[in-house]
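Next comes data-v8.txt, with compact mmCIF, C-alpha atoms.
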```
# COMPACT_ATOMS: atom_id res chain seq x y z
CA MET A 12 -30.18 148.75 13.60
CA LYS A 13 -31.34 147.90 10.14
CA ASP A 14 -28.50 147.05 7.78
CA LYS A 15 -27.89 149.28 4.77
CA PRO A 16 -26.47 147.67 1.64
CA LEU A 17 -22.67 147.70 1.60
CA ALA A 18 -20.89 149.13 -1.41
CA ARG A 19 -19.63 145.68 -2.27
CA SER A 20 -16.30 145.13 -4.02
CA LYS A 21 -17.89 143.86 -7.21
CA GLY A 22 -15.94 141.44 -9.31
CA THR A 23 -13.74 140.18 -6.47
CA ALA A 24 -15.62 136.89 -6.08
CA PRO A 25 -15.41 134.20 -8.80
CA ALA A 26 -18.23 134.56 -11.34
CA SER A 27 -18.72 130.78 -11.32
CA LEU A 28 -20.08 130.88 -7.76
CA PRO A 29 -23.81 131.13 -7.06
CA LEU A 30 -25.08 134.70 -6.64
CA ARG A 31 -25.72 134.31 -2.89
CA GLU A 32 -22.16 133.08 -2.30
CA ARG A 33 -20.68 135.87 -4.46
CA ARG A 34 -22.58 138.46 -2.45
CA ARG A 35 -21.45 136.90 0.82
CA LEU A 36 -17.79 136.98 -0.25
CA GLU A 37 -18.08 140.53 -1.57
CA THR A 38 -19.70 141.71 1.66
CA ARG A 39 -16.97 139.99 3.66
CA ARG A 40 -14.29 141.69 1.60
CA GLU A 41 -15.98 145.07 2.01
CA LEU A 42 -15.99 144.57 5.77
CA ILE A 43 -12.27 143.81 5.63
CA GLU A 44 -11.61 147.00 3.65
CA VAL A 45 -13.69 149.16 5.98
CA SER A 46 -12.10 147.62 9.08
CA LEU A 47 -8.52 147.89 7.87
CA THR A 48 -9.07 151.51 6.79
CA LEU A 49 -10.29 152.39 10.29
CA PHE A 50 -7.48 150.42 11.93
CA ALA A 51 -4.88 152.25 9.84
CA LYS A 52 -6.48 155.64 10.56
CA GLN A 53 -7.14 155.45 14.30
CA GLY A 54 -5.28 152.36 15.49
CA PHE A 55 -6.36 148.74 15.89
CA GLU A 56 -6.73 148.86 19.67
CA ALA A 57 -8.71 152.14 19.56
CA THR A 58 -11.20 150.92 16.96
CA THR A 59 -14.36 149.19 18.17
CA ILE A 60 -16.57 146.73 16.37
CA GLY A 61 -19.39 149.22 16.79
CA GLN A 62 -17.41 151.82 14.85
CA ILE A 63 -16.70 149.31 12.08
CA ALA A 64 -20.37 148.35 11.88
CA GLU A 65 -21.43 152.00 11.73
CA ALA A 66 -18.90 152.81 8.99
CA ALA A 67 -20.03 149.77 7.00
CA GLY A 68 -23.72 150.53 7.50
CA ILE A 69 -24.51 147.24 9.21
CA SER A 70 -25.37 146.00 12.69
CA VAL A 71 -22.85 144.60 15.13
CA ALA A 72 -24.69 141.28 14.91
CA THR A 73 -24.13 141.21 11.15
CA PHE A 74 -20.42 141.91 11.65
CA HIS A 75 -20.22 138.91 13.99
CA ARG A 76 -21.81 136.69 11.36
CA TYR A 77 -18.68 137.26 9.29
CA PHE A 78 -16.00 137.67 11.98
CA PRO A 79 -16.23 136.47 15.62
CA LYS A 80 -13.80 139.21 16.72
CA LYS A 81 -11.95 142.10 15.11
CA GLU A 82 -8.61 140.26 15.09
CA ASP A 83 -10.15 137.83 12.62
CA VAL A 84 -10.50 140.65 10.09
CA VAL A 85 -6.74 141.16 9.99
CA PHE A 86 -5.96 137.45 9.84
CA SER A 87 -8.89 136.48 7.63
CA ASP A 88 -6.65 134.65 5.15
CA VAL A 89 -4.47 132.73 7.61
CA SER A 90 -6.84 131.22 10.17
CA ARG A 91 -6.74 127.77 8.53
CA ARG A 92 -3.38 128.02 6.81
CA ALA A 93 -1.51 125.70 9.18
CA VAL A 94 -4.13 122.96 8.74
CA GLU A 95 -4.16 123.44 4.97
CA LEU A 96 -0.35 123.38 4.86
CA ARG A 97 -0.19 120.08 6.73
CA GLU A 98 -2.85 118.52 4.51
CA SER A 99 -1.19 119.78 1.32
CA LEU A 100 2.24 118.42 2.26
CA MET A 101 0.94 115.05 3.41
CA SER A 102 -1.07 114.53 0.21
CA ARG A 103 1.57 115.67 -2.28
CA PRO A 104 2.41 113.30 -5.16
CA ALA A 105 5.16 110.72 -4.72
CA GLY A 106 8.53 112.04 -5.84
CA THR A 107 7.68 115.67 -5.02
CA THR A 108 10.16 117.09 -2.55
CA LEU A 109 8.98 118.81 0.58
CA LEU A 110 10.42 122.17 -0.48
CA SER A 111 8.81 121.91 -3.92
CA ALA A 112 5.48 121.20 -2.24
CA LEU A 113 6.00 124.19 0.06
CA LYS A 114 6.59 126.41 -2.95
CA ASP A 115 3.51 125.00 -4.68
CA PHE A 116 1.50 125.82 -1.55
CA PHE A 117 2.70 129.36 -0.88
CA VAL A 118 3.39 130.86 -4.32
CA PRO A 119 -0.22 130.70 -5.66
CA GLN A 120 -1.39 132.42 -2.45
CA LEU A 121 1.31 135.02 -2.95
CA LYS A 122 0.25 135.70 -6.54
CA LYS A 123 -3.40 136.01 -5.49
CA ARG A 124 -2.53 138.47 -2.72
CA HIS A 125 -0.57 140.65 -5.12
CA SER A 126 -3.13 140.62 -7.89
CA ALA A 127 -4.69 143.93 -8.95
CA THR A 128 -7.76 143.33 -6.76
CA GLU A 129 -5.80 142.36 -3.61
CA ALA A 130 -2.77 144.71 -3.57
CA GLY A 131 -4.61 147.46 -1.69
CA ILE A 132 -5.73 145.07 1.04
CA VAL A 133 -2.16 143.77 1.44
CA LYS A 134 -0.77 147.29 1.93
CA LEU A 135 -3.47 148.22 4.42
CA ARG A 136 -2.99 145.01 6.42
CA HIS A 137 0.77 145.48 6.47
CA ALA A 138 0.42 149.04 7.80
CA VAL A 139 -1.97 147.88 10.52
CA LEU A 140 0.32 145.03 11.60
CA GLU A 141 3.33 147.33 11.81
CA SER A 142 1.47 149.76 14.07
CA SER A 143 -0.03 147.24 16.52
CA PRO A 144 2.07 145.35 19.13
CA SER A 145 -0.86 143.06 19.99
CA LEU A 146 -1.31 142.04 16.35
CA ARG A 147 2.40 141.35 15.95
CA GLY A 148 2.01 138.91 18.84
CA LEU A 149 -0.67 137.12 16.82
CA VAL A 150 1.69 137.06 13.83
CA PHE A 151 4.09 135.12 16.05
CA GLU A 152 1.32 132.68 17.03
CA ASN A 153 0.42 132.08 13.39
CA THR A 154 4.09 131.58 12.52
CA LEU A 155 4.42 129.07 15.35
CA ALA A 156 1.35 127.18 14.07
CA LEU A 157 2.91 126.90 10.59
CA THR A 158 6.20 125.78 12.15
CA ASP A 159 4.37 123.10 14.17
CA ALA A 160 2.61 121.85 11.03
CA LEU A 161 5.85 121.58 9.02
CA CYS A 162 7.69 120.06 11.98
CA GLU A 163 5.01 117.36 12.25
CA VAL A 164 5.37 116.46 8.57
CA ILE A 165 9.18 116.40 8.64
CA ALA A 166 9.21 114.26 11.80
CA ALA A 167 6.71 111.80 10.33
CA GLU A 168 8.52 111.44 7.01
CA GLN A 169 11.98 111.11 8.58
CA GLN A 170 10.62 108.78 11.26
CA ARG A 171 11.81 111.05 14.05
CA ASN A 172 10.19 111.89 17.38
CA ALA A 173 9.65 115.64 17.37
CA ALA A 174 9.27 115.62 21.16
CA THR A 175 12.80 114.34 21.73
CA ASP A 176 14.64 115.05 18.46
CA SER A 177 15.32 118.74 17.86
CA LEU A 178 16.21 118.41 14.17
CA PRO A 179 12.64 118.47 12.72
CA ARG A 180 11.82 121.68 14.61
CA LEU A 181 15.14 123.28 13.70
CA MET A 182 14.49 122.56 10.01
CA ALA A 183 10.86 123.68 10.17
CA GLY A 184 11.75 126.83 12.09
CA SER A 185 14.47 127.73 9.61
CA VAL A 186 12.17 127.35 6.59
CA ILE A 187 9.10 129.09 8.07
CA GLY A 188 11.31 131.80 9.59
CA ALA A 189 12.80 132.53 6.17
CA LEU A 190 9.33 132.65 4.59
CA THR A 191 7.99 134.93 7.32
CA SER A 192 10.96 137.28 7.16
CA THR A 193 10.75 137.56 3.39
CA GLY A 194 7.02 138.18 3.52
CA TRP A 195 7.32 140.78 6.27
CA PHE A 196 10.02 142.88 4.62
CA TRP A 197 8.97 142.50 0.97
CA ASP A 198 5.20 141.98 1.18
CA THR A 199 4.38 145.37 -0.32
CA SER A 200 7.27 145.40 -2.80
CA ALA A 201 6.57 145.34 -6.54
CA ASP A 202 9.11 142.54 -7.01
CA VAL A 203 7.91 140.36 -4.13
CA GLU A 204 7.45 137.33 -6.42
CA ARG A 205 11.10 137.50 -7.48
CA ARG A 206 12.09 137.76 -3.82
CA PHE A 207 10.25 134.52 -3.08
CA ASP A 208 11.79 132.81 -6.11
CA ASP A 209 15.20 133.80 -4.75
CA LEU A 210 14.19 132.52 -1.31
CA PHE A 211 13.15 129.09 -2.57
CA ASP A 212 16.33 128.82 -4.66
CA PHE A 213 18.29 129.51 -1.48
CA LEU A 214 16.26 127.01 0.55
CA GLU A 215 16.70 124.30 -2.08
CA LYS A 216 20.48 124.73 -1.97
CA SER A 217 20.87 125.15 1.78
CA MET A 218 18.03 123.10 3.32
CA GLY A 219 17.05 120.76 0.49
CA PRO A 220 19.80 118.19 1.03
CA LEU A 221 19.02 118.04 4.74
CA ILE A 222 15.22 117.85 4.45
CA ASP A 223 14.67 115.95 1.22
CA SER A 224 17.52 113.45 1.37
CA HIS A 225 15.47 111.73 4.06
CA ASP A 226 11.83 112.36 3.32
CA SER A 227 11.82 111.68 -0.43
CA ARG A 228 13.29 108.21 -0.06
CA ALA A 229 11.02 107.35 2.88
CA ARG A 230 7.95 108.73 1.14
CA ASN A 231 8.66 106.94 -2.13
CA SER A 232 9.21 103.71 -0.24
CA ARG A 233 5.82 104.05 1.49
CA GLN A 234 4.10 104.87 -1.78
CA LEU A 235 5.58 101.79 -3.42
CA SER A 236 4.52 99.64 -0.48
CA LYS A 237 0.93 100.87 -0.82
CA ARG A 238 0.85 100.03 -4.52
CA ALA A 239 2.28 96.55 -4.06
```
Written as structure tokens, how would this file's structure read?
Amino acid sequence: MKDKPLARSKGTAPASLPLRERRRLETRRELIEVSLTLFAKQGFEATTIGQIAEAAGISVATFHRYFPKKEDVVFSDVSRRAVELRESLMSRPAGTTLLSALKDFFVPQLKKRHSATEAGIVKLRHAVLESSPSLRGLVFENTLALTDALCEVIAAEQQRNAATDSLPRLMAGSVIGALTSTGWFWDTSADVERRFDDLFDFLEKSMGPLIDSHDSRARNSRQLSKRA
């Protein structure tokens, strides 16, 4: 099958990027829109990659150049999030608390997702996730990956063994669970940013003393040792 040009979502890729990269990102986004629309209409499990390719006017091979499998369309923005979270927390400036770094990591992503160009995608994805048991299972896997990443950082900075000490995982699970719950119930709400501000205020008061009373001192001590 010869590919027909997609009706790309113009203006969604940064203008500073080279033309080839902008077109690639716009095509990728168009595939996400087409796929999510079909998933919402006829169900994720019932929709085939062939149907997505036909609706998008491309070949199945072209689809696979962008997404190895159809699940990757739904989770296109979270596949590397656990790795990025770990790297962001471990490289944060000295004196920055863990919860502050978490907020700095998640809030910009939140604002991007709820921008004028992304709001429609968010609503479609949310509808698809709510209607598919198999996708909700993948949501759990992604949540577990984020919990593992945060647990690893907490354990390292508090000099605890996460395999034998339950506290790092309890703290990580509480924080990521609160983030996930807030995102799930308020993701399509107009005041979602305020909801997350309220969440981080709550976490600072309830979890901050437990998490940051240890890691800030240990982290600052290591930073000072490196500079000496």
Min atom-atom distance to A:Phe50 from the set A:Ala72, A:Leu140, A:Leu36, A:Ala156, counting all atoms listed in the file, belongs to A:Leu140
Work out how far apart atom CA of A:Ser99 and atom CA of A:Ala112 are and give it in Å to one decimal.
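So the two atoms, atom CA of A:Ser99 and atom CA of A:Ala112, lie 7.7 Å apart.
Of note, atom CA of A:Arg39 and atom CA of A:Val94 are spaced 21.9 Å apart.
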Give as a list of chain:residue names every residue, naming chains and numbers as the document does, that has an atom within 12 Å of (15.7, 129.0, -3.7), counting all atoms listed in the file.
A:Leu110, A:Ser111, A:Leu113, A:Lys114, A:Val186, A:Ala189, A:Leu190, A:Arg205, A:Arg206, A:Phe207, A:Asp208, A:Asp209, A:Leu210, A:Phe211, A:Asp212, A:Phe213, A:Leu214, A:Glu215, A:Lys216, A:Ser217, A:Met218, A:Gly219
Within 9 Å of A:Cys162 using all atoms listed in the file, minus same-chain residues under 6 positions, as a list of chain:residue names:
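Once the adjacent positions are removed, what remains is A:Ala173, A:Leu178, A:Pro179, A:Arg180, A:Leu181, A:Met182, A:Ala183, A:Gly184.
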A:Ser185 proximity check over A:Val85, A:Leu100, A:Leu49, A:Leu155, using only C-alpha atoms: winner is A:Leu155
Contact residues around A:Leu109 with all atoms listed in the file at 10 Å, ignoring same-chain residues under 6 positions, as a ChimeraX atom specification:
/A:100-101,103,115,161,164-165,168,215,219,222-223,226-227
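Going from atom CA of A:Ser46 to atom CA of A:Ile63 covers 5.7 Å.
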Each side padded by 4 Å, which centre and which edge lengths in Å (one decimal) define the axis-aligned box around the listed atoms of stretch 180-190 of chain A? Give them as lines of an AutoDock Vina configuration file.
```
center_x = 12.1
center_y = 127.2
center_z = 9.6
size_x = 14.0
size_y = 19.0
size_z = 18.0
```
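Each of A:Thr191, A:Leu135, A:Ala64, A:Leu121 was checked against A:Phe151 using all atoms listed in the file; the smallest atom-to-atom distance is that of A:Thr191.
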Which of these, A:Ile69, A:Val84, A:Val118, A:Ile60, has the shortest distance to A:Val139 once you count all atoms listed in the file?
A:Val84
Using all atoms listed in the file, which residue out of A:Arg147, A:Arg97, A:Arg136, A:Lys81 lies closest to A:Ala51?
A:Arg136
Would you mind telling me which residue in A:Lys80, A:Arg33, A:Thr73, A:Glu129 lies nearest to A:Thr58 when using all atoms listed in the file?
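Residue with the minimum atom-to-atom distance to A:Thr58: A:Lys80.
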Tell me which protein, DNA and RNA residues are within 9 Å of stretch 77-79 of chain A, counting only C-alpha atoms, leaving out same-chain ones fewer than 3 positions away, and put them as a list in words.
Arg35, Thr38, Arg39, Leu42, Thr73, Phe74, Glu82, Asp83, Val84 and Ser87 of chain A
Write the residues of the selection above to a file with C-alpha atoms, as a PDB file, in the frame of the given file.
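Result went into out.pdb, see below:
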```pdb
ATOM      1  CA  ARG A  35     -21.450 136.900   0.820  1.00  0.00           C
ATOM      2  CA  THR A  38     -19.700 141.710   1.660  1.00  0.00           C
ATOM      3  CA  ARG A  39     -16.970 139.990   3.660  1.00  0.00           C
ATOM      4  CA  LEU A  42     -15.990 144.570   5.770  1.00  0.00           C
ATOM      5  CA  THR A  73     -24.130 141.210  11.150  1.00  0.00           C
ATOM      6  CA  PHE A  74     -20.420 141.910  11.650  1.00  0.00           C
ATOM      7  CA  GLU A  82      -8.610 140.260  15.090  1.00  0.00           C
ATOM      8  CA  ASP A  83     -10.150 137.830  12.620  1.00  0.00           C
ATOM      9  CA  VAL A  84     -10.500 140.650  10.090  1.00  0.00           C
ATOM     10  CA  SER A  87      -8.890 136.480   7.630  1.00  0.00           C
TER      11      SER A  87
END
```
